[in-house]
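Undergrad: The file below is run18.pdb, PDB, C-alpha atoms:
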MODEL        1
ATOM      1  CA  MET A 486     -95.935 111.869-114.055
ATOM      2  CA  THR A 487     -99.139 110.180-112.909
ATOM      3  CA  ARG A 488     -97.766 108.119-110.045
ATOM      4  CA  PRO A 489     -95.995 109.682-107.060
ATOM      5  CA  LEU A 490     -92.284 110.319-107.553
ATOM      6  CA  ARG A 491     -90.274 107.828-105.504
ATOM      7  CA  PHE A 492     -87.274 109.173-103.580
ATOM      8  CA  VAL A 493     -84.872 106.901-101.720
ATOM      9  CA  PHE A 494     -82.155 107.419 -99.136
ATOM     10  CA  LEU A 495     -79.604 104.613 -98.855
ATOM     11  CA  SER A 496     -76.800 105.046 -96.363
ATOM     12  CA  ARG A 497     -76.117 105.049 -92.656
ATOM     13  CA  ILE A 498     -79.038 106.909 -91.133
ATOM     14  CA  MET A 499     -77.656 109.759 -89.084
ATOM     15  CA  LYS A 500     -77.986 113.508 -88.859
ATOM     16  CA  GLU A 501     -74.647 114.149 -90.628
ATOM     17  CA  LYS A 502     -75.816 112.257 -93.713
ATOM     18  CA  GLY A 503     -78.566 114.868 -94.093
ATOM     19  CA  CYS A 504     -81.473 112.827 -92.752
ATOM     20  CA  ASP A 505     -82.907 115.755 -90.752
ATOM     21  CA  ASP A 506     -82.718 117.895 -93.897
ATOM     22  CA  ILE A 507     -84.662 115.271 -95.868
ATOM     23  CA  ILE A 508     -87.328 115.007 -93.180
ATOM     24  CA  GLU A 509     -87.691 118.796 -92.967
ATOM     25  CA  ALA A 510     -87.915 119.101 -96.768
ATOM     26  CA  ALA A 511     -90.638 116.409 -96.720
ATOM     27  CA  ARG A 512     -92.508 118.258 -93.984
ATOM     28  CA  ARG A 513     -92.419 121.431 -96.127
ATOM     29  CA  LEU A 514     -93.500 119.562 -99.264
ATOM     30  CA  ASN A 515     -96.435 118.037 -97.413
ATOM     31  CA  ALA A 516     -97.407 121.426 -95.961
ATOM     32  CA  THR A 517     -97.431 123.013 -99.432
ATOM     33  CA  GLY A 518     -99.722 120.478-101.109
ATOM     34  CA  PHE A 519     -97.314 117.825-102.416
ATOM     35  CA  LYS A 520     -98.105 115.038 -99.929
ATOM     36  CA  ASP A 521     -99.720 112.756-102.532
ATOM     37  CA  LYS A 522     -97.163 113.487-105.250
ATOM     38  CA  TYR A 523     -94.093 111.727-103.793
ATOM     39  CA  THR A 524     -92.777 109.177-101.301
ATOM     40  CA  ILE A 525     -89.449 108.819 -99.519
ATOM     41  CA  ASP A 526     -88.069 105.489 -98.292
ATOM     42  CA  PHE A 527     -85.045 105.307 -96.000
ATOM     43  CA  TYR A 528     -82.782 102.240 -96.054
ATOM     44  CA  GLY A 529     -79.804 101.653 -93.810
ATOM     45  CA  LYS A 530     -78.533 101.089 -90.314
ATOM     46  CA  ILE A 531     -79.711 103.786 -87.940
ATOM     47  CA  ALA A 532     -77.082 105.319 -85.655
ATOM     48  CA  GLU A 533     -78.029 104.416 -82.066
ATOM     49  CA  THR A 534     -77.725 108.040 -80.911
ATOM     50  CA  TYR A 535     -80.164 109.140 -83.636
ATOM     51  CA  LYS A 536     -82.769 106.345 -83.563
ATOM     52  CA  THR A 537     -85.339 107.927 -81.190
ATOM     53  CA  ASP A 538     -85.081 111.349 -82.815
ATOM     54  CA  PHE A 539     -85.355 109.845 -86.316
ATOM     55  CA  PHE A 540     -88.531 107.895 -85.619
ATOM     56  CA  GLN A 541     -90.162 110.812 -83.767
ATOM     57  CA  LYS A 542     -89.569 113.066 -86.766
ATOM     58  CA  LEU A 543     -90.726 110.420 -89.250
ATOM     59  CA  ASP A 544     -93.920 109.539 -87.381
ATOM     60  CA  PRO A 545     -96.173 112.404 -88.611
ATOM     61  CA  LEU A 546     -95.097 111.933 -92.249
ATOM     62  CA  GLN A 547     -97.270 109.188 -93.755
ATOM     63  CA  ASN A 548     -95.481 109.256 -97.128
ATOM     64  CA  VAL A 549     -91.987 108.936 -95.599
ATOM     65  CA  ASN A 550     -90.947 105.514 -94.300
ATOM     66  CA  TYR A 551     -88.057 103.534 -92.881
ATOM     67  CA  ARG A 552     -87.715 100.278 -94.827
ATOM     68  CA  GLY A 553     -84.856  98.597 -92.974
ATOM     69  CA  PHE A 554     -81.773  97.180 -94.642
ATOM     70  CA  LEU A 555     -81.528  96.776 -98.412
ATOM     71  CA  ASN A 556     -79.233  93.889 -99.270
ATOM     72  CA  LEU A 557     -77.219  94.849-102.342
ATOM     73  CA  GLN A 558     -75.155  91.658-102.208
ATOM     74  CA  ASN A 559     -77.604  90.115-104.646
ATOM     75  CA  GLU A 560     -79.527  91.156-107.739
ATOM     76  CA  LYS A 561     -82.875  91.401-105.909
ATOM     77  CA  GLY A 562     -81.548  94.343-103.914
ATOM     78  CA  TYR A 563     -80.632  96.211-107.088
ATOM     79  CA  ASP A 564     -83.987  95.280-108.634
ATOM     80  CA  LYS A 565     -85.679  96.915-105.631
ATOM     81  CA  LEU A 566     -83.415  99.968-105.725
ATOM     82  CA  SER A 567     -84.012 100.489-109.453
ATOM     83  CA  GLN A 568     -87.732 100.994-108.753
ATOM     84  CA  TYR A 569     -86.953 104.449-107.326
ATOM     85  CA  ASP A 570     -86.774 107.657-109.352
ATOM     86  CA  LEU A 571     -84.213 109.697-107.411
ATOM     87  CA  MET A 572     -81.773 109.162-104.575
ATOM     88  CA  LEU A 573     -81.403 111.788-101.865
ATOM     89  CA  PHE A 574     -77.903 112.263-100.457
ATOM     90  CA  PRO A 575     -77.607 115.648 -98.709
ATOM     91  CA  THR A 576     -74.548 114.549 -96.725
ATOM     92  CA  TYR A 577     -72.175 116.705 -94.746
ATOM     93  CA  TRP A 578     -70.487 113.842 -92.901
ATOM     94  CA  LYS A 579     -66.830 114.715 -92.285
ATOM     95  CA  GLY A 580     -65.680 111.196 -93.202
ATOM     96  CA  GLU A 581     -67.316 111.225 -96.626
ATOM     97  CA  GLY A 582     -64.921 110.255 -99.391
ATOM     98  CA  PHE A 583     -66.053 108.315-102.410
ATOM     99  CA  ALA A 584     -69.562 107.362-101.336
ATOM    100  CA  GLY A 585     -70.424 103.788-102.309
ATOM    101  CA  VAL A 586     -74.022 104.846-102.880
ATOM    102  CA  PHE A 587     -72.832 106.634-106.028
ATOM    103  CA  ILE A 588     -72.032 103.266-107.608
ATOM    104  CA  ASP A 589     -75.319 101.810-106.344
ATOM    105  CA  ALA A 590     -77.269 104.741-107.820
ATOM    106  CA  LEU A 591     -75.435 104.561-111.150
ATOM    107  CA  ILE A 592     -75.919 100.796-111.491
ATOM    108  CA  SER A 593     -79.616 101.157-110.636
ATOM    109  CA  GLY A 594     -80.127 104.094-112.983
ATOM    110  CA  ILE A 595     -81.111 106.511-110.238
ATOM    111  CA  PRO A 596     -80.064 110.160-110.519
ATOM    112  CA  MET A 597     -79.224 111.833-107.214
ATOM    113  CA  ILE A 598     -79.956 115.042-105.412
ATOM    114  CA  VAL A 599     -76.655 115.487-103.619
ATOM    115  CA  THR A 600     -74.837 118.123-101.620
ATOM    116  CA  ASP A 601     -71.833 119.933-103.003
ATOM    117  CA  TRP A 602     -69.691 118.343-100.301
ATOM    118  CA  ALA A 603     -66.227 116.812-100.172
ATOM    119  CA  HIS A 604     -65.523 115.035-103.482
ATOM    120  CA  ASN A 605     -69.103 114.578-104.713
ATOM    121  CA  ARG A 606     -68.610 116.693-107.861
ATOM    122  CA  GLN A 607     -65.680 114.512-108.911
ATOM    123  CA  PHE A 608     -67.960 111.498-109.239
ATOM    124  CA  MET A 609     -71.334 112.904-110.262
ATOM    125  CA  THR A 610     -72.181 115.377-113.036
ATOM    126  CA  GLU A 611     -74.673 118.217-112.639
ATOM    127  CA  GLY A 612     -77.737 117.755-114.835
ATOM    128  CA  GLU A 613     -76.593 114.340-116.072
ATOM    129  CA  THR A 614     -76.292 112.025-113.077
ATOM    130  CA  ALA A 615     -77.009 114.437-110.240
ATOM    131  CA  LEU A 616     -78.572 117.674-109.145
ATOM    132  CA  PHE A 617     -76.404 119.510-106.636
ATOM    133  CA  ILE A 618     -77.545 121.572-103.669
ATOM    134  CA  PRO A 619     -75.539 123.559-101.114
ATOM    135  CA  VAL A 620     -74.700 121.914 -97.785
ATOM    136  CA  HIS A 621     -77.095 122.580 -94.867
ATOM    137  CA  ASP A 622     -79.681 124.167 -97.188
ATOM    138  CA  VAL A 623     -83.081 122.605 -96.547
ATOM    139  CA  SER A 624     -84.756 125.208 -98.775
ATOM    140  CA  ALA A 625     -82.548 124.186-101.707
ATOM    141  CA  LEU A 626     -83.364 120.509-101.066
ATOM    142  CA  TYR A 627     -87.077 121.301-100.843
ATOM    143  CA  ASN A 628     -86.934 123.342-104.078
ATOM    144  CA  LYS A 629     -84.978 120.670-105.979
ATOM    145  CA  MET A 630     -87.368 117.922-104.838
ATOM    146  CA  LYS A 631     -90.363 120.122-105.756
ATOM    147  CA  GLU A 632     -88.886 120.805-109.217
ATOM    148  CA  CYS A 633     -88.402 117.065-109.735
ATOM    149  CA  ILE A 634     -91.984 116.339-108.656
ATOM    150  CA  GLU A 635     -93.203 119.042-111.059
ATOM    151  CA  GLY A 636     -91.266 117.468-113.950
ATOM    152  CA  CYS A 637     -88.663 120.193-114.439
ATOM    153  CA  TYR A 638     -85.942 117.612-115.175
ATOM    154  CA  ASP A 639     -85.787 114.731-117.633
ATOM    155  CA  ILE A 640     -85.265 112.055-115.016
ATOM    156  CA  ARG A 641     -85.473 109.224-117.580
ATOM    157  CA  LYS A 642     -82.631 110.735-119.595
ATOM    158  CA  MET A 643     -80.614 111.196-116.409
ATOM    159  CA  ALA A 644     -81.311 107.565-115.423
ATOM    160  CA  LEU A 645     -79.868 106.357-118.733
ATOM    161  CA  LYS A 646     -76.795 108.530-118.226
ATOM    162  CA  CYS A 647     -76.365 106.986-114.762
ATOM    163  CA  GLN A 648     -76.377 103.479-116.213
ATOM    164  CA  GLN A 649     -73.885 104.503-118.907
ATOM    165  CA  ASN A 650     -71.595 106.014-116.263
ATOM    166  CA  ALA A 651     -71.780 102.854-114.151
ATOM    167  CA  GLU A 652     -69.549 101.201-116.758
ATOM    168  CA  THR A 653     -66.728 103.505-115.639
ATOM    169  CA  TYR A 654     -66.638 101.597-112.363
ATOM    170  CA  ASN A 655     -66.898  98.097-113.834
ATOM    171  CA  VAL A 656     -64.339  96.011-111.947
ATOM    172  CA  ASP A 657     -62.887  94.667-115.214
ATOM    173  CA  LYS A 658     -62.121  98.223-116.333
ATOM    174  CA  VAL A 659     -60.785  99.400-112.977
ATOM    175  CA  ILE A 660     -58.631  96.402-112.036
ATOM    176  CA  THR A 661     -56.703  95.726-115.228
ATOM    177  CA  LYS A 662     -53.838  93.304-115.819
ATOM    178  CA  SER A 663     -51.433  96.231-116.180
ATOM    179  CA  LEU A 664     -52.553  97.625-112.784
ATOM    180  CA  LEU A 665     -52.079  94.205-111.167
ATOM    181  CA  LYS A 666     -48.576  94.003-112.679
ATOM    182  CA  LYS A 667     -47.704  97.471-111.348
ATOM    183  CA  LEU A 668     -48.802  96.324-107.913
ATOM    184  CA  ASN A 669     -46.816  93.087-108.283
ATOM    185  CA  LEU A 670     -50.010  91.071-107.977
ATOM    186  CA  ALA A 671     -49.915  89.412-111.400
TER     187      ALA A 671
ENDMDL
END
Give the structure from the file, written as structure tokens.
TA:
Amino acid sequence: MTRPLRFVFLSRIMKEKGCDDIIEAARRLNATGFKDKYTIDFYGKIAETYKTDFFQKLDPLQNVNYRGFLNLQNEKGYDKLSQYDLMLFPTYWKGEGFAGVFIDALISGIPMIVTDWAHNRQFMTEGETALFIPVHDVSALYNKMKECIEGCYDIRKMALKCQQNAETYNVDKVITKSLLKKLNLA
């Protein structure tokens, strides 16, 4: 790949969503000669208790940026999101269930690097739509990001698989007439 690989984080920005792990992996990548080979953009509301710490840690990393809020209520937001190569989601948040960012990533054709946490494996498939790492393992995150930068995975093929899998969550397939009848809504 000739241009830098573009990573994105899209979620509430807080330690438990793995933001510190991402920043530390970026610091290690930069220290080992990869600074010009990738970028990371963070989107989302920053937890008040984490804001100062987050910006202090981000400050020395020129290729890692906070981009504010990405509005996915319209097509322009998804157009922007689809410009990224991989989504980072090293979460260990106790309230994580079915993460909405999975749908956003699938629709946008963005494979994920995601922790093996909660129900993540039920919704994403190793090597097809996601690359899994252990929870709280910055070295694994660093290594997976490095492998992606070095071209060890067919990210284009994974992106296509993401878009195919997005159809699974199409509202017309999920909310059927028979389901509405069962719920006495039709």
Undergrad: Run the PyMOL selection byres ((chain A and resi 573-577) around 7) on the file and write out the hits as an mmCIF file with C-alpha atoms, in the frame of the given file.
TA:
data_model
loop_
_atom_site.group_PDB
_atom_site.id
_atom_site.type_symbol
_atom_site.label_atom_id
_atom_site.label_comp_id
_atom_site.auth_asym_id
_atom_site.auth_seq_id
_atom_site.Cartn_x
_atom_site.Cartn_y
_atom_site.Cartn_z
ATOM 1 C CA PHE A 492 -87.274 109.173 -103.580
ATOM 2 C CA VAL A 493 -84.872 106.901 -101.720
ATOM 3 C CA PHE A 494 -82.155 107.419 -99.136
ATOM 4 C CA GLU A 501 -74.647 114.149 -90.628
ATOM 5 C CA LYS A 502 -75.816 112.257 -93.713
ATOM 6 C CA GLY A 503 -78.566 114.868 -94.093
ATOM 7 C CA LEU A 571 -84.213 109.697 -107.411
ATOM 8 C CA MET A 572 -81.773 109.162 -104.575
ATOM 9 C CA TRP A 578 -70.487 113.842 -92.901
ATOM 10 C CA LYS A 579 -66.830 114.715 -92.285
ATOM 11 C CA MET A 597 -79.224 111.833 -107.214
ATOM 12 C CA ILE A 598 -79.956 115.042 -105.412
ATOM 13 C CA VAL A 599 -76.655 115.487 -103.619
ATOM 14 C CA THR A 600 -74.837 118.123 -101.620
ATOM 15 C CA TRP A 602 -69.691 118.343 -100.301
ATOM 16 C CA VAL A 620 -74.700 121.914 -97.785
#
Undergrad: Hey, what comes out of the PyMOL selection byres ((chain A and resi 519-533) around 9) on this file? Could you write it as a PyMOL selection string?
TA: chain A and resi 487-500+504+507+511-518+534-537+539+546-555+573+631+634-635
Undergrad: Just give me the gap between atom CA of A:Gln649 and atom CA of A:Asp506 in Å, one decimal is fine.
TA: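 A separation of 29.7 Å between them.
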Undergrad: With distances taken over all atoms listed in the file, which residue among A:Tyr563, A:Tyr569, A:Phe617, A:Tyr638 lies nearest A:Asp589?
TA: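 Ranking A:Tyr563, A:Tyr569, A:Phe617, A:Tyr638 by distance to A:Asp589, first place goes to A:Tyr563.
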Undergrad: Given all atoms listed in the file as the basis, pick out the residue of A:Gln648, A:Gln541, A:Thr610, A:Ser624 nearest to A:Glu509.
TA: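 Closest candidate: A:Ser624.
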Undergrad: With only C-alpha atoms as the basis for distance, which of A:Cys637, A:Leu543, A:Met630, A:Cys647 is at the shortest distance from A:Phe587?
TA: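 Closest to A:Phe587 of all the choices is A:Cys647.
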Undergrad: Return as JSON the centre and edge lengths, in Å with one decimal, of the box along x, y and z that encloses every atom of stretch 546-562 of chain A in the file, padded by 4 Å per side.
TA:
{"center_x": -86.2, "center_y": 101.0, "center_z": -100.0, "size_x": 30.1, "size_y": 29.8, "size_z": 23.5}
Undergrad: To one decimal in Å, tell me the separation between atom CA of A:Ile592 and atom CA of A:Ile618.
TA: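 So the answer is 22.3 Å.
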Undergrad: For atom CA of A:Pro596 and atom CA of A:Gly562, quote the distance in Å rounded to one decimal.
TA: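 Taking atom CA of A:Pro596 and atom CA of A:Gly562, their separation equals 17.2 Å.
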Undergrad: Of the candidates A:Asp601, A:Asp538, A:Asp570, A:Glu560, which shows the shortest atom-to-atom distance to A:Met643, using only C-alpha atoms?
TA: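 Among the listed residues, the smallest separation from A:Met643 belongs to A:Asp570.
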Undergrad: Ranking A:Gln607, A:Asn650, A:Lys542, A:Asp622 by minimum distance to A:Ala590 and counting only C-alpha atoms, which one comes first?
TA: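 Comparing A:Gln607, A:Asn650, A:Lys542, A:Asp622 against A:Ala590, the winner is A:Asn650.
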